[in-house]
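The file entry16.cif contains mmCIF, C-alpha atoms and all ligand atoms:
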data_protein
loop_
_atom_site.group_PDB
_atom_site.id
_atom_site.type_symbol
_atom_site.label_atom_id
_atom_site.label_comp_id
_atom_site.auth_asym_id
_atom_site.auth_seq_id
_atom_site.Cartn_x
_atom_site.Cartn_y
_atom_site.Cartn_z
ATOM 1 C CA MET A 1 65.576 82.381 59.464
ATOM 2 C CA GLN A 2 67.713 79.336 60.244
ATOM 3 C CA LYS A 3 69.811 79.304 63.384
ATOM 4 C CA ILE A 4 73.288 77.996 64.076
ATOM 5 C CA GLN A 5 71.801 75.408 66.425
ATOM 6 C CA ASP A 6 70.180 73.701 63.438
ATOM 7 C CA ASP A 7 73.660 72.439 62.504
ATOM 8 C CA PHE A 8 74.781 71.249 65.920
ATOM 9 C CA ALA A 9 72.022 69.249 67.556
ATOM 10 C CA LEU A 10 74.278 66.207 67.756
ATOM 11 C CA GLN A 11 77.739 67.693 67.532
ATOM 12 C CA SER A 12 78.243 69.793 70.671
ATOM 13 C CA THR A 13 79.948 67.953 73.516
ATOM 14 C CA ILE A 14 80.744 68.920 77.095
ATOM 15 C CA VAL A 15 84.331 68.229 78.119
ATOM 16 C CA PRO A 16 85.288 68.074 81.814
ATOM 17 C CA GLY A 17 88.744 69.009 83.100
ATOM 18 C CA TYR A 18 88.804 72.671 82.075
ATOM 19 C CA GLU A 19 86.935 74.118 85.068
ATOM 20 C CA ASN A 20 89.867 76.384 85.837
ATOM 21 C CA PHE A 21 89.261 78.239 82.571
ATOM 22 C CA MET A 22 85.799 79.366 83.675
ATOM 23 C CA GLN A 23 87.032 80.039 87.218
ATOM 24 C CA GLY A 24 89.445 82.562 85.758
ATOM 25 C CA LEU A 25 86.999 83.959 83.235
ATOM 26 C CA MET A 26 83.954 84.618 85.409
ATOM 27 C CA PRO A 27 85.514 87.280 87.690
ATOM 28 C CA ILE A 28 86.418 89.254 84.563
ATOM 29 C CA THR A 29 82.877 89.003 83.182
ATOM 30 C CA GLN A 30 81.490 90.119 86.550
ATOM 31 C CA SER A 31 83.845 93.084 86.888
ATOM 32 C CA GLY A 32 81.528 95.581 85.196
ATOM 33 C CA VAL A 33 79.674 96.293 81.992
ATOM 34 C CA ILE A 34 80.668 94.622 78.746
ATOM 35 C CA ASP A 35 82.931 97.204 77.153
ATOM 36 C CA THR A 36 86.276 97.420 75.395
ATOM 37 C CA ALA A 37 88.187 97.296 78.680
ATOM 38 C CA MET A 38 86.493 94.008 79.549
ATOM 39 C CA GLY A 39 87.030 92.744 76.005
ATOM 40 C CA GLU A 40 90.764 93.415 76.262
ATOM 41 C CA ARG A 41 90.969 91.624 79.602
ATOM 42 C CA ILE A 42 89.134 88.586 78.234
ATOM 43 C CA LYS A 43 91.330 88.577 75.136
ATOM 44 C CA GLN A 44 94.519 88.621 77.215
ATOM 45 C CA TYR A 45 93.172 85.970 79.557
ATOM 46 C CA VAL A 46 92.329 83.576 76.720
ATOM 47 C CA LEU A 47 95.609 84.244 74.885
ATOM 48 C CA ASP A 48 97.543 83.464 78.078
ATOM 49 C CA TYR A 49 95.459 80.340 78.549
ATOM 50 C CA VAL A 50 96.074 78.904 75.075
ATOM 51 C CA ARG A 51 99.796 79.737 75.340
ATOM 52 C CA HIS A 52 99.995 77.430 78.338
ATOM 53 C CA THR A 53 97.321 74.884 77.447
ATOM 54 C CA PRO A 54 97.688 73.205 74.044
ATOM 55 C CA LEU A 55 94.302 72.427 72.526
ATOM 56 C CA THR A 56 95.691 69.820 70.148
ATOM 57 C CA GLY A 57 94.124 67.066 72.277
ATOM 58 C CA PHE A 58 90.760 68.043 70.830
ATOM 59 C CA ASN A 59 90.760 65.870 67.746
ATOM 60 C CA ASN A 60 87.099 65.082 67.222
ATOM 61 C CA TYR A 61 87.181 66.561 63.740
ATOM 62 C CA VAL A 62 84.155 66.352 61.511
ATOM 63 C CA ASP A 63 83.935 66.513 57.746
ATOM 64 C CA ASN A 64 80.952 68.736 57.261
ATOM 65 C CA GLY A 65 81.686 71.474 59.778
ATOM 66 C CA TYR A 66 83.715 71.940 62.938
ATOM 67 C CA SER A 67 83.350 70.331 66.333
ATOM 68 C CA ARG A 68 82.173 72.364 69.320
ATOM 69 C CA ASN A 69 83.427 71.252 72.733
ATOM 70 C CA TYR A 70 82.051 73.139 75.703
ATOM 71 C CA ILE A 71 84.702 73.576 78.370
ATOM 72 C CA GLY A 72 82.435 75.714 80.514
ATOM 73 C CA ARG A 73 78.950 77.174 80.757
ATOM 74 C CA ASP A 74 77.706 79.554 83.437
ATOM 75 C CA ARG A 75 74.086 80.150 84.404
ATOM 76 C CA SER A 76 74.589 83.839 83.571
ATOM 77 C CA GLY A 77 74.910 82.740 79.935
ATOM 78 C CA TRP A 78 78.674 82.991 79.528
ATOM 79 C CA GLU A 79 80.169 79.970 77.806
ATOM 80 C CA ALA A 80 83.532 78.773 76.516
ATOM 81 C CA ILE A 81 83.968 76.411 73.588
ATOM 82 C CA VAL A 82 87.004 74.778 71.989
ATOM 83 C CA MET A 83 86.517 74.213 68.298
ATOM 84 C CA ALA A 84 88.510 71.611 66.370
ATOM 85 C CA TRP A 85 88.947 72.158 62.661
ATOM 86 C CA ARG A 86 90.222 70.395 59.590
ATOM 87 C CA SER A 87 91.271 71.957 56.309
ATOM 88 C CA GLY A 88 88.283 73.350 54.457
ATOM 89 C CA ASN A 89 85.948 73.297 57.463
ATOM 90 C CA ARG A 90 83.875 76.450 57.314
ATOM 91 C CA THR A 91 81.189 78.032 59.473
ATOM 92 C CA SER A 92 77.977 79.397 58.130
ATOM 93 C CA ILE A 93 77.784 83.170 57.863
ATOM 94 C CA HIS A 94 76.394 83.877 61.320
ATOM 95 C CA SER A 95 76.065 86.491 64.049
ATOM 96 C CA HIS A 96 76.581 86.575 67.802
ATOM 97 C CA PRO A 97 75.363 87.579 71.259
ATOM 98 C CA GLN A 98 76.552 90.828 72.847
ATOM 99 C CA PHE A 99 80.078 89.561 73.458
ATOM 100 C CA ALA A 100 81.899 87.220 71.091
ATOM 101 C CA GLY A 101 85.587 86.536 71.663
ATOM 102 C CA TYR A 102 87.484 84.095 69.492
ATOM 103 C CA THR A 103 91.090 83.141 69.947
ATOM 104 C CA PHE A 104 93.005 81.172 67.334
ATOM 105 C CA ALA A 105 95.308 78.805 69.207
ATOM 106 C CA ASP A 106 97.004 76.839 66.419
ATOM 107 C CA GLY A 107 96.633 76.437 62.670
ATOM 108 C CA GLU A 108 95.630 78.922 60.008
ATOM 109 C CA PHE A 109 92.277 80.542 59.375
ATOM 110 C CA LEU A 110 90.443 82.932 57.117
ATOM 111 C CA VAL A 111 88.057 85.317 58.876
ATOM 112 C CA GLU A 112 85.505 87.207 56.811
ATOM 113 C CA ILE A 113 83.478 89.924 58.544
ATOM 114 C CA PHE A 114 80.214 91.211 57.091
ATOM 115 C CA GLU A 115 77.825 94.058 57.810
ATOM 116 C CA PRO A 116 74.163 94.430 56.961
ATOM 117 C CA CYS A 117 73.501 96.663 53.978
ATOM 118 C CA GLU A 118 70.698 97.550 51.619
ATOM 119 C CA GLY A 119 69.390 94.308 50.169
ATOM 120 C CA GLY A 120 71.592 91.922 52.158
ATOM 121 C CA ILE A 121 75.062 91.867 53.682
ATOM 122 C CA GLN A 122 78.458 92.977 52.456
ATOM 123 C CA LEU A 123 81.996 91.833 53.153
ATOM 124 C CA VAL A 124 83.825 94.569 55.078
ATOM 125 C CA LYS A 125 86.975 92.783 56.265
ATOM 126 C CA ARG A 126 89.018 89.748 55.271
ATOM 127 C CA LEU A 127 91.723 88.527 57.606
ATOM 128 C CA GLU A 128 94.180 85.644 57.277
ATOM 129 C CA VAL A 129 95.370 84.353 60.649
ATOM 130 C CA CYS A 130 98.626 82.385 60.852
ATOM 131 C CA GLU A 131 99.619 82.758 64.509
ATOM 132 C CA GLN A 132 97.979 82.871 67.927
ATOM 133 C CA THR A 133 95.513 85.734 67.685
ATOM 134 C CA GLY A 134 92.674 87.019 69.853
ATOM 135 C CA LEU A 135 89.701 88.827 68.359
ATOM 136 C CA TYR A 136 86.504 90.009 69.958
ATOM 137 C CA ALA A 137 83.406 91.989 69.124
ATOM 138 C CA ILE A 138 80.919 93.814 71.353
ATOM 139 C CA GLY A 139 77.398 94.455 70.158
ATOM 140 C CA GLU A 140 73.957 95.163 71.524
ATOM 141 C CA ALA A 141 72.783 93.464 74.702
ATOM 142 C CA GLY A 142 69.988 90.928 74.346
ATOM 143 C CA LYS A 143 70.484 90.535 70.593
ATOM 144 C CA PHE A 144 72.069 87.746 68.592
ATOM 145 C CA THR A 145 72.492 89.743 65.393
ATOM 146 C CA ASN A 146 75.859 91.260 66.339
ATOM 147 C CA HIS A 147 79.146 90.811 64.463
ATOM 148 C CA ILE A 148 78.363 88.809 61.346
ATOM 149 C CA HIS A 149 81.265 86.616 60.264
ATOM 150 C CA ARG A 150 82.429 83.387 58.659
ATOM 151 C CA ILE A 151 85.518 81.383 59.616
ATOM 152 C CA THR A 152 87.330 78.936 57.331
ATOM 153 C CA CYS A 153 90.158 76.600 58.354
ATOM 154 C CA LEU A 154 93.137 76.834 55.984
ATOM 155 C CA SER A 155 95.585 74.400 57.637
ATOM 156 C CA ALA A 156 95.488 70.598 57.946
ATOM 157 C CA THR A 157 94.132 70.914 61.486
ATOM 158 C CA ALA A 158 93.497 73.864 63.788
ATOM 159 C CA HIS A 159 91.964 74.862 67.133
ATOM 160 C CA SER A 160 90.253 77.917 68.497
ATOM 161 C CA LEU A 161 88.733 78.919 71.829
ATOM 162 C CA HIS A 162 85.539 80.944 71.827
ATOM 163 C CA VAL A 163 83.949 82.930 74.663
ATOM 164 C CA TYR A 164 80.367 84.166 74.383
ATOM 165 C CA SER A 165 78.142 86.131 76.746
ATOM 166 C CA ASP A 166 75.147 83.960 75.852
ATOM 167 C CA ASP A 167 74.260 80.722 74.084
ATOM 168 C CA ALA A 168 75.865 81.291 70.693
ATOM 169 C CA LEU A 169 73.714 78.632 69.061
ATOM 170 C CA LYS A 170 70.754 81.011 69.292
ATOM 171 C CA GLY A 171 72.344 83.226 66.641
ATOM 172 C CA PRO A 172 70.908 83.341 63.134
ATOM 173 C CA LYS A 173 72.615 82.256 59.914
ATOM 174 C CA TYR A 174 72.836 84.438 56.830
ATOM 175 C CA ASP A 175 73.835 81.934 54.167
ATOM 176 C CA ASP A 176 70.655 82.564 52.189
ATOM 177 C CA MET A 177 71.084 86.322 52.301
ATOM 178 C CA PRO A 178 72.502 88.047 49.191
ATOM 179 C CA VAL A 179 76.138 89.169 49.569
ATOM 180 C CA ILE A 180 76.170 92.624 47.971
ATOM 181 C CA GLN A 181 79.426 93.710 46.343
ATOM 182 C CA SER A 182 80.701 96.928 47.879
ATOM 183 C CA SER A 183 80.834 99.899 45.522
ATOM 184 C CA ARG A 184 83.732 101.399 47.486
HETATM 185 FE FE FE B 201 81.237 82.983 65.158
#
Turn the structure described in the file into structure tokens.
Amino acid sequence: MQKIQDDFALQSTIVPGYENFMQGLMPITQSGVIDTAMGERIKQYVLDYVRHTPLTGFNNYVDNGYSRNYIGRDRSGWEAIVMAWRSGNRTSIHSHPQFAGYTFADGEFLVEIFEPCEGGIQLVKRLEVCEQTGLYAIGEAGKFTNHIHRITCLSATAHSLHVYSDDALKGPKYDDMPVIQSSR
């Protein structure tokens, strides 16, 4: 199975100047087990951060995807990434480490969430995002097959800030997997 990292060997950059983001994030991640209470705290923290820190300075847009700009990585695995998007930019269908938090800072997005099913995957939720919004998902520890989704940028430009409990590039892609129409 292909992995997300196959798409980003040359496109992920490390951006200095955002150390205070990780300094605020790490005490939350170290406060206990990864559960909904921690997820809510991370969500609020990132929403507060993007309210006060415009991400519009990240303008390294790319045509055939979205740019990933690391603003922090911790040896425990936790990482924070600002993504810069242009209209039509779309992720693969992909899954995540145990914790995946994604906060839409500006612009408009379509989020499609999938679940595994007999013979492939099926679309279980479709969400249009037009304002600052924080989402997160908690899955199984040590796995990268949690929370399957695809994000598409709908506005001219857009930015999002993503927090993961481990190197998100290790996650698999599902683009070759059949999308089964739900019978519900
Ligand atoms: Fe994702």
Shell of 12 Å around Leu154 in chain A, only C-alpha atoms, local chain residues under 2 positions omitted, as a PyMOL selection string: chain A and resi 85-90+106-111+127-130+151-152+156-159
Interatomic distance (Å, one decimal) between CA of Gly120 in chain A and CA of Pro178 in chain A: 5.0 Å
Residue nearest ligand FE 201 (chain B) among A:Ile180, A:Ile71, A:Val15, A:Ile4 (counting all atoms listed in the file): A:Ile4
Put the listed atoms of range 147-162 of chain A in a box along x, y and z with 4 Å added on every side and give me the centre and edge lengths in Å to one decimal, as lines of an AutoDock Vina configuration file.
center_x = 87.0
center_y = 80.7
center_z = 63.9
size_x = 25.2
size_y = 28.2
size_z = 23.8
Two-atom distance - CA of Cys153 in chain A, CA of Val179 in chain A (Å):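 Value for the CA of Cys153 in chain A-CA of Val179 in chain A distance: 20.8 Å.
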For Gly139 in chain A, the nearest of the candidates A:Ser160, A:Thr36, A:Asn20, A:Gln44, counting all atoms listed in the file: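 Closest residue, counting all atoms listed in the file: A:Thr36.
Selection of all polymer residues within 8 Å of ligand FE 201 (chain B) on the basis of only C-alpha atoms and all ligand atoms gives Thr91, His94, Ser95, His96, Ala100, Tyr102, Ile148, His149, Arg150, Ile151 and Ala168 of chain A.
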Residues from the last selection, C-alpha atoms, saved as a CSV table (one decimal), in the coordinates of the input:
chain,number,residue,atom,x,y,z
A,91,THR,CA,81.2,78.0,59.5
A,94,HIS,CA,76.4,83.9,61.3
A,95,SER,CA,76.1,86.5,64.0
A,96,HIS,CA,76.6,86.6,67.8
A,100,ALA,CA,81.9,87.2,71.1
A,102,TYR,CA,87.5,84.1,69.5
A,148,ILE,CA,78.4,88.8,61.3
A,149,HIS,CA,81.3,86.6,60.3
A,150,ARG,CA,82.4,83.4,58.7
A,151,ILE,CA,85.5,81.4,59.6
A,168,ALA,CA,75.9,81.3,70.7
Give me the result of the PyMOL selection byres (((chain A and resi 45-56) around 7) and not hetatm) on this file, residue by residue, as a PDB file with C-alpha atoms, in the frame of the given file.
ATOM      1  CA  ARG A  41      90.969  91.624  79.602  1.00  0.00           C
ATOM      2  CA  ILE A  42      89.134  88.586  78.234  1.00  0.00           C
ATOM      3  CA  LYS A  43      91.330  88.577  75.136  1.00  0.00           C
ATOM      4  CA  GLN A  44      94.519  88.621  77.215  1.00  0.00           C
ATOM      5  CA  GLY A  57      94.124  67.066  72.277  1.00  0.00           C
ATOM      6  CA  PHE A  58      90.760  68.043  70.830  1.00  0.00           C
ATOM      7  CA  ASN A  59      90.760  65.870  67.746  1.00  0.00           C
ATOM      8  CA  THR A 103      91.090  83.141  69.947  1.00  0.00           C
ATOM      9  CA  ALA A 105      95.308  78.805  69.207  1.00  0.00           C
ATOM     10  CA  GLY A 134      92.674  87.019  69.853  1.00  0.00           C
ATOM     11  CA  HIS A 159      91.964  74.862  67.133  1.00  0.00           C
TER      12      HIS A 159
END
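Once the PyMOL selection byres (((chain A and resi 25-28) around 8) and not hetatm) is applied to the shown structure, the selection contains A:Phe21, A:Met22, A:Gln23, A:Gly24, A:Thr29, A:Gln30, A:Ser31, A:Met38, A:Arg41, A:Ile42, A:Tyr45.
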All residues 12 Å or closer to Gln2 in chain A, only C-alpha atoms, same chain fewer than 2 positions away omitted, as a VMD selection string: chain A and resid 4 to 7 92 to 95 169 to 177
Output C-alpha atoms of each residue in that selection to a file, as a JSON list (two decimals), in the frame of the given file.
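Contents of again_11.json, as written:
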[["chain", "number", "residue", "atom", "x", "y", "z"],
["A", 4, "ILE", "CA", 73.29, 78.00, 64.08],
["A", 5, "GLN", "CA", 71.80, 75.41, 66.42],
["A", 6, "ASP", "CA", 70.18, 73.70, 63.44],
["A", 7, "ASP", "CA", 73.66, 72.44, 62.50],
["A", 92, "SER", "CA", 77.98, 79.40, 58.13],
["A", 93, "ILE", "CA", 77.78, 83.17, 57.86],
["A", 94, "HIS", "CA", 76.39, 83.88, 61.32],
["A", 95, "SER", "CA", 76.06, 86.49, 64.05],
["A", 169, "LEU", "CA", 73.71, 78.63, 69.06],
["A", 170, "LYS", "CA", 70.75, 81.01, 69.29],
["A", 171, "GLY", "CA", 72.34, 83.23, 66.64],
["A", 172, "PRO", "CA", 70.91, 83.34, 63.13],
["A", 173, "LYS", "CA", 72.61, 82.26, 59.91],
["A", 174, "TYR", "CA", 72.84, 84.44, 56.83],
["A", 175, "ASP", "CA", 73.83, 81.93, 54.17],
["A", 176, "ASP", "CA", 70.66, 82.56, 52.19],
["A", 177, "MET", "CA", 71.08, 86.32, 52.30]]
Distance query Val82 in chain A at most 7 Å, all atoms listed in the file, self and fewer than 2 positions along chain excluded, as a list in words: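 Result of the neighbour search: Arg68, Asn69, Tyr70, Ile71, Ala80, Ala84, His159, Ser160, Leu161 and His162 of chain A.
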Length of the CA of Ile34 in chain A to CA of Leu123 in chain A vector [Å]: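 Computing it gives 25.8 Å between the two atoms.
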Selected residue of minimal separation from Gln181 in chain A among A:Ile138, A:Phe114, A:Asn64, A:Phe144, counting only C-alpha atoms: A:Phe114
Top pick for closest residue to Pro116 in chain A, considering A:Gly72, A:Met83, A:Asn146, A:Phe8 and counting all atoms listed in the file: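 Between A:Gly72, A:Met83, A:Asn146, A:Phe8, the residue approaching Pro116 in chain A most closely is A:Asn146.
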Nearest-residue call for Ala137 in chain A, choices A:Gly77, A:Pro16, A:Gly32, A:Gly101, using all atoms listed in the file: A:Gly101
